[in-house]
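Note: the block below is coords_6.txt and it holds compact mmCIF, N, CA and C atoms.
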# COMPACT_ATOMS: atom_id res chain seq x y z
N GLN A 1 92.37 95.80 94.06
CA GLN A 1 93.77 95.49 94.34
C GLN A 1 94.40 96.68 95.09
N VAL A 2 95.22 96.34 96.08
CA VAL A 2 95.91 97.36 96.87
C VAL A 2 97.40 97.08 96.82
N GLN A 3 98.18 98.11 96.58
CA GLN A 3 99.63 97.99 96.61
C GLN A 3 100.15 98.78 97.82
N LEU A 4 101.06 98.15 98.55
CA LEU A 4 101.61 98.77 99.76
C LEU A 4 103.13 98.82 99.64
N VAL A 5 103.70 99.97 99.93
CA VAL A 5 105.15 100.12 99.87
C VAL A 5 105.63 100.75 101.17
N GLU A 6 106.45 99.99 101.90
CA GLU A 6 107.00 100.48 103.15
C GLU A 6 108.33 101.17 102.90
N SER A 7 108.65 102.10 103.78
CA SER A 7 109.96 102.77 103.74
C SER A 7 110.28 103.29 105.13
N GLY A 8 111.53 103.70 105.31
CA GLY A 8 111.92 104.31 106.58
C GLY A 8 112.74 103.44 107.49
N GLY A 9 112.93 102.18 107.11
CA GLY A 9 113.74 101.31 107.96
C GLY A 9 115.20 101.69 107.90
N GLY A 10 115.99 101.04 108.75
CA GLY A 10 117.41 101.32 108.77
C GLY A 10 118.06 100.79 110.02
N LEU A 11 119.29 101.23 110.23
CA LEU A 11 120.07 100.84 111.39
C LEU A 11 120.07 101.99 112.39
N VAL A 12 119.75 101.67 113.64
CA VAL A 12 119.69 102.69 114.67
C VAL A 12 120.23 102.12 115.97
N GLN A 13 120.80 102.96 116.81
CA GLN A 13 121.27 102.50 118.11
C GLN A 13 120.11 102.36 119.08
N ALA A 14 120.29 101.51 120.05
CA ALA A 14 119.29 101.35 121.09
C ALA A 14 119.00 102.72 121.74
N GLY A 15 117.71 102.95 121.95
CA GLY A 15 117.29 104.23 122.49
C GLY A 15 116.90 105.24 121.43
N GLY A 16 117.23 104.93 120.19
CA GLY A 16 116.93 105.84 119.09
C GLY A 16 115.51 105.70 118.58
N SER A 17 115.23 106.44 117.50
CA SER A 17 113.89 106.47 116.92
C SER A 17 113.94 106.27 115.42
N LEU A 18 112.86 105.75 114.90
CA LEU A 18 112.65 105.65 113.45
C LEU A 18 111.18 105.88 113.18
N ARG A 19 110.89 106.39 112.00
CA ARG A 19 109.50 106.48 111.56
C ARG A 19 109.36 105.71 110.25
N LEU A 20 108.51 104.72 110.28
CA LEU A 20 108.21 103.94 109.08
C LEU A 20 107.00 104.52 108.39
N SER A 21 106.99 104.39 107.07
CA SER A 21 105.85 104.83 106.27
C SER A 21 105.35 103.68 105.42
N CYS A 22 104.06 103.68 105.18
CA CYS A 22 103.44 102.69 104.30
C CYS A 22 102.53 103.45 103.35
N ALA A 23 102.96 103.56 102.11
CA ALA A 23 102.18 104.26 101.10
C ALA A 23 101.29 103.26 100.37
N ALA A 24 100.01 103.56 100.31
CA ALA A 24 99.05 102.65 99.69
C ALA A 24 98.52 103.24 98.40
N SER A 25 98.28 102.37 97.45
CA SER A 25 97.63 102.77 96.20
C SER A 25 96.62 101.71 95.83
N GLY A 26 95.66 102.10 95.01
CA GLY A 26 94.61 101.16 94.63
C GLY A 26 93.35 101.42 95.42
N SER A 27 92.55 100.39 95.56
CA SER A 27 91.24 100.51 96.20
C SER A 27 91.37 100.39 97.71
N THR A 28 91.65 101.50 98.37
CA THR A 28 91.89 101.48 99.82
C THR A 28 90.69 101.94 100.63
N PHE A 29 89.53 102.05 100.00
CA PHE A 29 88.35 102.38 100.79
C PHE A 29 87.85 101.09 101.45
N SER A 30 86.88 101.21 102.33
CA SER A 30 86.30 100.05 103.02
C SER A 30 87.35 99.25 103.78
N ILE A 31 88.16 99.96 104.55
CA ILE A 31 89.18 99.29 105.35
C ILE A 31 88.59 98.81 106.67
N ASN A 32 88.97 97.62 107.06
CA ASN A 32 88.61 97.10 108.38
C ASN A 32 89.66 97.62 109.37
N PHE A 33 90.92 97.26 109.13
CA PHE A 33 92.00 97.85 109.90
C PHE A 33 93.30 97.80 109.12
N ILE A 34 94.25 98.61 109.56
CA ILE A 34 95.60 98.65 109.01
C ILE A 34 96.56 98.30 110.14
N GLY A 35 97.50 97.44 109.83
CA GLY A 35 98.41 97.01 110.89
C GLY A 35 99.86 97.06 110.45
N TRP A 36 100.72 97.15 111.45
CA TRP A 36 102.15 96.95 111.25
C TRP A 36 102.53 95.66 111.98
N TYR A 37 103.22 94.79 111.25
CA TYR A 37 103.68 93.52 111.80
C TYR A 37 105.19 93.48 111.74
N ARG A 38 105.75 92.68 112.62
CA ARG A 38 107.20 92.53 112.68
C ARG A 38 107.55 91.04 112.62
N GLN A 39 108.56 90.73 111.82
CA GLN A 39 109.09 89.36 111.78
C GLN A 39 110.52 89.41 112.27
N ALA A 40 110.74 88.84 113.45
CA ALA A 40 112.06 88.87 114.04
C ALA A 40 112.99 87.87 113.33
N PRO A 41 114.30 88.09 113.41
CA PRO A 41 115.24 87.18 112.75
C PRO A 41 115.07 85.75 113.26
N GLY A 42 115.04 84.82 112.35
CA GLY A 42 114.94 83.41 112.70
C GLY A 42 113.54 82.95 113.05
N LYS A 43 112.57 83.83 113.03
CA LYS A 43 111.19 83.46 113.36
C LYS A 43 110.34 83.48 112.10
N GLN A 44 109.43 82.53 112.01
CA GLN A 44 108.57 82.45 110.84
C GLN A 44 107.32 83.30 110.99
N GLN A 45 106.87 83.44 112.23
CA GLN A 45 105.61 84.17 112.44
C GLN A 45 105.85 85.67 112.50
N ARG A 46 104.86 86.38 112.01
CA ARG A 46 104.88 87.83 112.11
C ARG A 46 104.04 88.25 113.30
N GLU A 47 104.57 89.20 114.06
CA GLU A 47 103.92 89.67 115.28
C GLU A 47 103.29 91.03 115.02
N LEU A 48 102.03 91.18 115.43
CA LEU A 48 101.38 92.48 115.31
C LEU A 48 101.99 93.45 116.32
N VAL A 49 102.45 94.61 115.85
CA VAL A 49 103.00 95.60 116.77
C VAL A 49 102.15 96.86 116.87
N ALA A 50 101.24 97.05 115.93
CA ALA A 50 100.34 98.21 116.02
C ALA A 50 99.24 98.03 115.00
N ARG A 51 98.06 98.51 115.33
CA ARG A 51 97.01 98.51 114.34
C ARG A 51 96.09 99.69 114.62
N ILE A 52 95.43 100.13 113.54
CA ILE A 52 94.47 101.21 113.64
C ILE A 52 93.24 100.80 112.85
N THR A 53 92.08 100.95 113.46
CA THR A 53 90.85 100.55 112.79
C THR A 53 90.34 101.70 111.92
N SER A 54 89.32 101.41 111.13
CA SER A 54 88.74 102.45 110.28
C SER A 54 88.17 103.58 111.13
N GLY A 55 87.79 103.27 112.36
CA GLY A 55 87.26 104.29 113.26
C GLY A 55 88.33 105.03 114.04
N GLY A 56 89.59 104.67 113.80
CA GLY A 56 90.69 105.38 114.46
C GLY A 56 91.13 104.80 115.79
N ILE A 57 90.60 103.63 116.14
CA ILE A 57 91.00 102.99 117.40
C ILE A 57 92.35 102.33 117.19
N ARG A 58 93.26 102.59 118.12
CA ARG A 58 94.62 102.05 118.04
C ARG A 58 94.85 100.97 119.09
N ASN A 59 95.55 99.94 118.69
CA ASN A 59 95.90 98.87 119.61
C ASN A 59 97.38 98.54 119.49
N TYR A 60 97.99 98.23 120.65
CA TYR A 60 99.41 97.86 120.68
C TYR A 60 99.60 96.70 121.68
N PRO A 61 100.52 95.81 121.38
CA PRO A 61 100.85 94.81 122.40
C PRO A 61 101.69 95.46 123.49
N GLY A 62 101.78 94.79 124.63
CA GLY A 62 102.50 95.34 125.75
C GLY A 62 103.97 95.61 125.47
N SER A 63 104.55 94.82 124.56
CA SER A 63 105.98 94.96 124.28
C SER A 63 106.35 96.30 123.65
N VAL A 64 105.39 96.97 123.01
CA VAL A 64 105.71 98.24 122.34
C VAL A 64 104.86 99.40 122.85
N LYS A 65 103.90 99.12 123.70
CA LYS A 65 103.00 100.17 124.18
C LYS A 65 103.79 101.27 124.87
N GLY A 66 103.46 102.49 124.52
CA GLY A 66 104.17 103.63 125.08
C GLY A 66 105.39 104.04 124.29
N ARG A 67 105.84 103.17 123.39
CA ARG A 67 107.02 103.47 122.58
C ARG A 67 106.67 103.64 121.10
N PHE A 68 105.68 102.89 120.61
CA PHE A 68 105.29 102.95 119.20
C PHE A 68 103.95 103.66 119.07
N THR A 69 103.82 104.40 117.98
CA THR A 69 102.56 105.08 117.68
C THR A 69 102.22 104.91 116.21
N ILE A 70 101.03 104.42 115.94
CA ILE A 70 100.56 104.30 114.56
C ILE A 70 99.66 105.49 114.26
N SER A 71 99.81 106.02 113.06
CA SER A 71 98.97 107.14 112.64
C SER A 71 98.69 107.01 111.16
N ARG A 72 97.72 107.79 110.72
CA ARG A 72 97.27 107.66 109.34
C ARG A 72 97.01 109.04 108.75
N ASP A 73 97.49 109.26 107.54
CA ASP A 73 97.22 110.49 106.79
C ASP A 73 96.36 110.09 105.61
N ASN A 74 95.05 110.30 105.73
CA ASN A 74 94.13 109.86 104.67
C ASN A 74 94.38 110.61 103.36
N ALA A 75 94.75 111.87 103.45
CA ALA A 75 94.98 112.66 102.24
C ALA A 75 96.14 112.10 101.43
N LYS A 76 97.13 111.56 102.13
CA LYS A 76 98.30 111.00 101.43
C LYS A 76 98.20 109.50 101.27
N ASN A 77 97.14 108.89 101.79
CA ASN A 77 96.99 107.43 101.74
C ASN A 77 98.21 106.74 102.31
N THR A 78 98.66 107.24 103.43
CA THR A 78 99.89 106.75 104.03
C THR A 78 99.66 106.51 105.53
N VAL A 79 100.23 105.41 105.99
CA VAL A 79 100.19 105.05 107.40
C VAL A 79 101.62 105.10 107.93
N TYR A 80 101.77 105.59 109.14
CA TYR A 80 103.09 105.73 109.74
C TYR A 80 103.20 104.88 111.01
N LEU A 81 104.42 104.53 111.32
CA LEU A 81 104.71 103.90 112.61
C LEU A 81 105.90 104.64 113.20
N GLN A 82 105.61 105.45 114.22
CA GLN A 82 106.67 106.15 114.93
C GLN A 82 107.18 105.23 116.03
N MET A 83 108.47 104.94 116.00
CA MET A 83 109.06 104.02 116.97
C MET A 83 110.12 104.77 117.78
N ASN A 84 109.90 104.86 119.06
CA ASN A 84 110.82 105.55 119.96
C ASN A 84 111.40 104.56 120.96
N SER A 85 112.48 104.98 121.60
CA SER A 85 113.13 104.15 122.63
C SER A 85 113.34 102.73 122.12
N LEU A 86 113.90 102.63 120.94
CA LEU A 86 114.06 101.32 120.31
C LEU A 86 115.01 100.44 121.10
N LYS A 87 114.72 99.14 121.06
CA LYS A 87 115.50 98.14 121.76
C LYS A 87 116.02 97.12 120.74
N PRO A 88 117.11 96.43 121.06
CA PRO A 88 117.60 95.41 120.12
C PRO A 88 116.53 94.37 119.76
N GLU A 89 115.64 94.07 120.68
CA GLU A 89 114.59 93.08 120.39
C GLU A 89 113.52 93.61 119.43
N ASP A 90 113.59 94.88 119.07
CA ASP A 90 112.70 95.42 118.05
C ASP A 90 113.21 95.15 116.64
N THR A 91 114.38 94.58 116.55
CA THR A 91 114.97 94.26 115.25
C THR A 91 114.10 93.28 114.48
N GLY A 92 113.93 93.55 113.20
CA GLY A 92 113.17 92.65 112.35
C GLY A 92 112.75 93.33 111.07
N VAL A 93 112.01 92.59 110.28
CA VAL A 93 111.42 93.17 109.07
C VAL A 93 110.00 93.60 109.43
N TYR A 94 109.70 94.84 109.13
CA TYR A 94 108.39 95.41 109.45
C TYR A 94 107.54 95.47 108.19
N TYR A 95 106.33 94.93 108.32
CA TYR A 95 105.39 94.83 107.20
C TYR A 95 104.13 95.62 107.49
N CYS A 96 103.64 96.24 106.46
CA CYS A 96 102.36 96.92 106.50
C CYS A 96 101.29 95.94 106.02
N TYR A 97 100.11 96.02 106.63
CA TYR A 97 99.04 95.07 106.30
C TYR A 97 97.71 95.81 106.27
N TYR A 98 96.95 95.54 105.21
CA TYR A 98 95.61 96.10 105.09
C TYR A 98 94.60 94.96 105.08
N LEU A 99 93.60 95.07 105.94
CA LEU A 99 92.47 94.15 105.89
C LEU A 99 91.24 94.96 105.49
N LEU A 100 90.62 94.58 104.38
CA LEU A 100 89.43 95.27 103.92
C LEU A 100 88.18 94.62 104.50
N ARG A 101 87.07 95.34 104.44
CA ARG A 101 85.84 94.83 105.04
C ARG A 101 85.30 93.60 104.31
N ASP A 102 85.69 93.43 103.06
CA ASP A 102 85.24 92.24 102.34
C ASP A 102 86.21 91.06 102.52
N SER A 103 87.10 91.20 103.50
CA SER A 103 88.07 90.16 103.90
C SER A 103 89.28 90.04 103.00
N ARG A 104 89.34 90.80 101.92
CA ARG A 104 90.59 90.80 101.16
C ARG A 104 91.68 91.43 102.02
N ASN A 105 92.89 90.90 101.90
CA ASN A 105 93.98 91.44 102.70
C ASN A 105 95.25 91.54 101.88
N TYR A 106 96.10 92.48 102.24
CA TYR A 106 97.29 92.78 101.46
C TYR A 106 98.48 93.04 102.38
N TRP A 107 99.64 92.61 101.92
CA TRP A 107 100.89 92.85 102.62
C TRP A 107 101.84 93.66 101.75
N GLY A 108 102.64 94.49 102.40
CA GLY A 108 103.74 95.11 101.70
C GLY A 108 104.92 94.16 101.69
N ARG A 109 106.02 94.60 101.10
CA ARG A 109 107.21 93.75 100.99
C ARG A 109 108.11 93.86 102.20
N GLY A 110 107.87 94.84 103.04
CA GLY A 110 108.62 94.95 104.28
C GLY A 110 109.79 95.91 104.20
N THR A 111 110.19 96.37 105.37
CA THR A 111 111.37 97.23 105.49
C THR A 111 112.15 96.78 106.73
N GLN A 112 113.47 96.68 106.58
CA GLN A 112 114.31 96.15 107.64
C GLN A 112 114.61 97.21 108.69
N VAL A 113 114.44 96.82 109.94
CA VAL A 113 114.83 97.67 111.07
C VAL A 113 115.84 96.89 111.90
N THR A 114 116.99 97.49 112.12
CA THR A 114 118.03 96.85 112.93
C THR A 114 118.40 97.81 114.06
N VAL A 115 118.29 97.31 115.28
CA VAL A 115 118.62 98.12 116.45
C VAL A 115 119.85 97.52 117.11
N SER A 116 120.91 98.29 117.15
CA SER A 116 122.17 97.80 117.74
C SER A 116 122.24 98.18 119.22
N SER A 117 122.91 97.31 119.98
CA SER A 117 123.00 97.55 121.44
C SER A 117 124.22 98.40 121.77

Mind turning the file's structure into C-alpha cells?
Amino acid sequence: QVQLVESGGGLVQAGGSLRLSCAASGSTFSINFIGWYRQAPGKQQRELVARITSGGIRNYPGSVKGRFTISRDNAKNTVYLQMNSLKPEDTGVYYCYYLLRDSRNYWGRGTQVTVSS
C-alpha cells in the first residue's frame, strides 16, 4: 500500500510560480513511473502534465514543456513539480500518481492550483 499526500497548491497570478510536493509513504519501491496529473474545472478527465520513470526519464506534454519540471528526492520519498510562467489555463486540481511495476497504482487526494489573469 502506498499513501500519497500533495501540498503546495494555492492562488497565484499569471506569470507566477508554484512548487507542488508529493510525499509518499508505504511500499514505494519497484516504481514504474510517477506522474502529476491535472483536472481542469468542469472536466472529468485528468491530464498528464509531467512524469518521471524509475530510470529518471522525464516527459511533458507540449502545453507545459519548458515551464514545468518534475523532480524526485529519493531520500525524502518526495516528488516535486516546479511550475513557472503559470497561465490561467493551468488552473485545476493537481494529483500525484504512482504506478508500480506490478501494475498497482495509487492517487493522492490532490491540491488546488488557481492562476488568476

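The environment of A:Ile52 within 9 Å, counting only C-alpha atoms and disregarding residues fewer than 3 places along the same chain, consists of Asn32, Phe33, Ile34, Gly35, Gly55, Gly56, Ile57, Arg58, Asn59, Ile70, Ser71 and Arg72 of chain A.
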
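Taking only N, CA and C atoms into account, A:Ser117 lies nearest to A:Val12 out of the set A:Tyr60, A:Val12, A:Leu18, A:Cys96.
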
Residue nearest A:Gly110 - candidates A:Gly9, A:Gly26, A:Gln1, A:Ala14, atoms counted: all atoms listed in the file: A:Gly9

For A:Tyr37: contacts at 7 Å, only N, CA and C atoms, fewer than 6 positions along chain excluded, given as a list in words: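 The contact residues come out as Arg46, Glu47, Leu48, Val49, Ala50, Val93, Tyr94, Tyr95, Cys96 and Tyr97 of chain A.
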
Which residue of A:Thr69, A:Ser103, A:Ser7, A:Gln45 approaches A:Cys22 most closely, using all atoms listed in the file: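 With all atoms listed in the file as the atom set, the closest residue is A:Ser7.
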
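If only C-alpha atoms are the atoms counted, then among A:Lys43, A:Arg101, A:Arg51, A:Lys87 the closest residue to A:Ser30 is A:Arg101.
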
Taking all atoms of stretch 89-95 of chain A that the file lists and extending 4 Å past them on each side, where is the centre of the axis-aligned box and how long are its edges? Answer in Å to one decimal, as JSON.
{"center_x": 109.9, "center_y": 94.1, "center_z": 113.9, "size_x": 19.5, "size_y": 11.0, "size_z": 21.5}

For atom CA of A:Leu100 and atom CA of A:Lys65, the interatomic separation in Å (one decimal): 24.9 Å

Filtered DSSP result for stretch 43-111 of chain A, state strand (DSSP E or B), as a ChimeraX atom specification: /A:47-53,58-59,68-73,78-83,92-100,105-107,111

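Put simply, atom CA of A:Tyr106 is 26.6 Å away from atom CA of A:Leu86.
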
Gap from atom N of A:Trp107 to atom N of A:Val5 - Å, one decimal: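 We find that atom N of A:Trp107 and atom N of A:Val5 lie 8.6 Å from each other.
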
Residue nearest A:Ser63 among A:Ala40, A:Tyr98, A:Thr78, A:Glu89 (counting only C-alpha atoms):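 For A:Ser63, the nearest of the given residues is A:Glu89.
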
Proximity to A:Thr114 - best of A:Gly42, A:Ser17, A:Ala23, A:Asp90, all atoms listed in the file: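 Among the listed residues, A:Asp90 lies closest to A:Thr114.
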
Can you fill out stretch 29-40 of chain A with all heavy atoms and hand it back as an mmCIF file, in the frame of the given file?
data_model
loop_
_atom_site.group_PDB
_atom_site.id
_atom_site.type_symbol
_atom_site.label_atom_id
_atom_site.label_comp_id
_atom_site.auth_asym_id
_atom_site.auth_seq_id
_atom_site.Cartn_x
_atom_site.Cartn_y
_atom_site.Cartn_z
ATOM 1 N N PHE A 29 89.530 102.050 100.000
ATOM 2 C CA PHE A 29 88.350 102.380 100.790
ATOM 3 C C PHE A 29 87.850 101.090 101.450
ATOM 4 O O PHE A 29 88.320 100.003 101.170
ATOM 5 C CB PHE A 29 87.267 103.013 99.918
ATOM 6 C CG PHE A 29 86.929 102.215 98.689
ATOM 7 C CD1 PHE A 29 85.948 101.230 98.726
ATOM 8 C CD2 PHE A 29 87.598 102.427 97.488
ATOM 9 C CE1 PHE A 29 85.643 100.485 97.605
ATOM 10 C CE2 PHE A 29 87.301 101.686 96.365
ATOM 11 C CZ PHE A 29 86.316 100.717 96.424
ATOM 12 N N SER A 30 86.880 101.210 102.330
ATOM 13 C CA SER A 30 86.300 100.050 103.020
ATOM 14 C C SER A 30 87.350 99.250 103.780
ATOM 15 O O SER A 30 87.412 98.022 103.677
ATOM 16 C CB SER A 30 85.561 99.133 102.044
ATOM 17 O OG SER A 30 84.449 99.778 101.505
ATOM 18 N N ILE A 31 88.160 99.960 104.550
ATOM 19 C CA ILE A 31 89.180 99.290 105.350
ATOM 20 C C ILE A 31 88.590 98.810 106.670
ATOM 21 O O ILE A 31 87.823 99.529 107.314
ATOM 22 C CB ILE A 31 90.344 100.258 105.606
ATOM 23 C CG1 ILE A 31 91.109 100.483 104.302
ATOM 24 C CG2 ILE A 31 91.279 99.718 106.684
ATOM 25 C CD1 ILE A 31 92.157 101.555 104.392
ATOM 26 N N ASN A 32 88.970 97.620 107.060
ATOM 27 C CA ASN A 32 88.610 97.100 108.380
ATOM 28 C C ASN A 32 89.660 97.620 109.370
ATOM 29 O O ASN A 32 89.325 98.320 110.329
ATOM 30 C CB ASN A 32 88.591 95.576 108.348
ATOM 31 C CG ASN A 32 88.141 94.978 109.666
ATOM 32 O OD1 ASN A 32 88.424 95.511 110.737
ATOM 33 N ND2 ASN A 32 87.431 93.861 109.611
ATOM 34 N N PHE A 33 90.920 97.260 109.130
ATOM 35 C CA PHE A 33 92.000 97.850 109.900
ATOM 36 C C PHE A 33 93.300 97.800 109.120
ATOM 37 O O PHE A 33 93.430 97.059 108.147
ATOM 38 C CB PHE A 33 92.173 97.202 111.278
ATOM 39 C CG PHE A 33 92.790 95.823 111.268
ATOM 40 C CD1 PHE A 33 94.169 95.649 111.242
ATOM 41 C CD2 PHE A 33 91.998 94.692 111.319
ATOM 42 C CE1 PHE A 33 94.737 94.392 111.242
ATOM 43 C CE2 PHE A 33 92.548 93.429 111.331
ATOM 44 C CZ PHE A 33 93.922 93.272 111.287
ATOM 45 N N ILE A 34 94.250 98.610 109.560
ATOM 46 C CA ILE A 34 95.600 98.650 109.010
ATOM 47 C C ILE A 34 96.560 98.300 110.140
ATOM 48 O O ILE A 34 96.413 98.814 111.251
ATOM 49 C CB ILE A 34 95.940 100.052 108.463
ATOM 50 C CG1 ILE A 34 94.929 100.472 107.388
ATOM 51 C CG2 ILE A 34 97.352 100.069 107.900
ATOM 52 C CD1 ILE A 34 95.002 101.938 107.023
ATOM 53 N N GLY A 35 97.500 97.440 109.830
ATOM 54 C CA GLY A 35 98.410 97.010 110.890
ATOM 55 C C GLY A 35 99.860 97.060 110.450
ATOM 56 O O GLY A 35 100.177 97.050 109.258
ATOM 57 N N TRP A 36 100.720 97.150 111.450
ATOM 58 C CA TRP A 36 102.150 96.950 111.250
ATOM 59 C C TRP A 36 102.530 95.660 111.980
ATOM 60 O O TRP A 36 102.199 95.484 113.162
ATOM 61 C CB TRP A 36 102.957 98.116 111.840
ATOM 62 C CG TRP A 36 102.984 99.348 111.004
ATOM 63 C CD1 TRP A 36 102.195 100.448 111.138
ATOM 64 C CD2 TRP A 36 103.844 99.605 109.894
ATOM 65 N NE1 TRP A 36 102.514 101.380 110.181
ATOM 66 C CE2 TRP A 36 103.531 100.890 109.404
ATOM 67 C CE3 TRP A 36 104.872 98.897 109.266
ATOM 68 C CZ2 TRP A 36 104.192 101.478 108.320
ATOM 69 C CZ3 TRP A 36 105.528 99.473 108.195
ATOM 70 C CH2 TRP A 36 105.185 100.748 107.719
ATOM 71 N N TYR A 37 103.220 94.790 111.250
ATOM 72 C CA TYR A 37 103.680 93.520 111.800
ATOM 73 C C TYR A 37 105.190 93.480 111.740
ATOM 74 O O TYR A 37 105.819 94.119 110.903
ATOM 75 C CB TYR A 37 103.108 92.351 111.008
ATOM 76 C CG TYR A 37 101.641 92.086 111.255
ATOM 77 C CD1 TYR A 37 100.673 92.919 110.709
ATOM 78 C CD2 TYR A 37 101.231 91.005 112.021
ATOM 79 C CE1 TYR A 37 99.330 92.678 110.934
ATOM 80 C CE2 TYR A 37 99.884 90.754 112.242
ATOM 81 C CZ TYR A 37 98.939 91.589 111.697
ATOM 82 O OH TYR A 37 97.609 91.346 111.917
ATOM 83 N N ARG A 38 105.750 92.680 112.620
ATOM 84 C CA ARG A 38 107.200 92.530 112.680
ATOM 85 C C ARG A 38 107.550 91.040 112.620
ATOM 86 O O ARG A 38 106.935 90.221 113.304
ATOM 87 C CB ARG A 38 107.724 93.138 113.989
ATOM 88 C CG ARG A 38 109.161 92.874 114.327
ATOM 89 C CD ARG A 38 109.567 93.659 115.552
ATOM 90 N NE ARG A 38 108.994 93.144 116.781
ATOM 91 C CZ ARG A 38 108.862 93.868 117.896
ATOM 92 N NH1 ARG A 38 109.240 95.136 117.911
ATOM 93 N NH2 ARG A 38 108.370 93.328 118.987
ATOM 94 N N GLN A 39 108.560 90.730 111.820
ATOM 95 C CA GLN A 39 109.090 89.360 111.780
ATOM 96 C C GLN A 39 110.520 89.410 112.270
ATOM 97 O O GLN A 39 111.393 89.989 111.593
ATOM 98 C CB GLN A 39 109.023 88.790 110.359
ATOM 99 C CG GLN A 39 109.419 87.331 110.284
ATOM 100 C CD GLN A 39 109.074 86.704 108.942
ATOM 101 O OE1 GLN A 39 108.642 87.373 108.014
ATOM 102 N NE2 GLN A 39 109.257 85.408 108.832
ATOM 103 N N ALA A 40 110.740 88.840 113.450
ATOM 104 C CA ALA A 40 112.060 88.870 114.040
ATOM 105 C C ALA A 40 112.990 87.870 113.330
ATOM 106 O O ALA A 40 112.514 86.903 112.730
ATOM 107 C CB ALA A 40 111.971 88.528 115.520
#
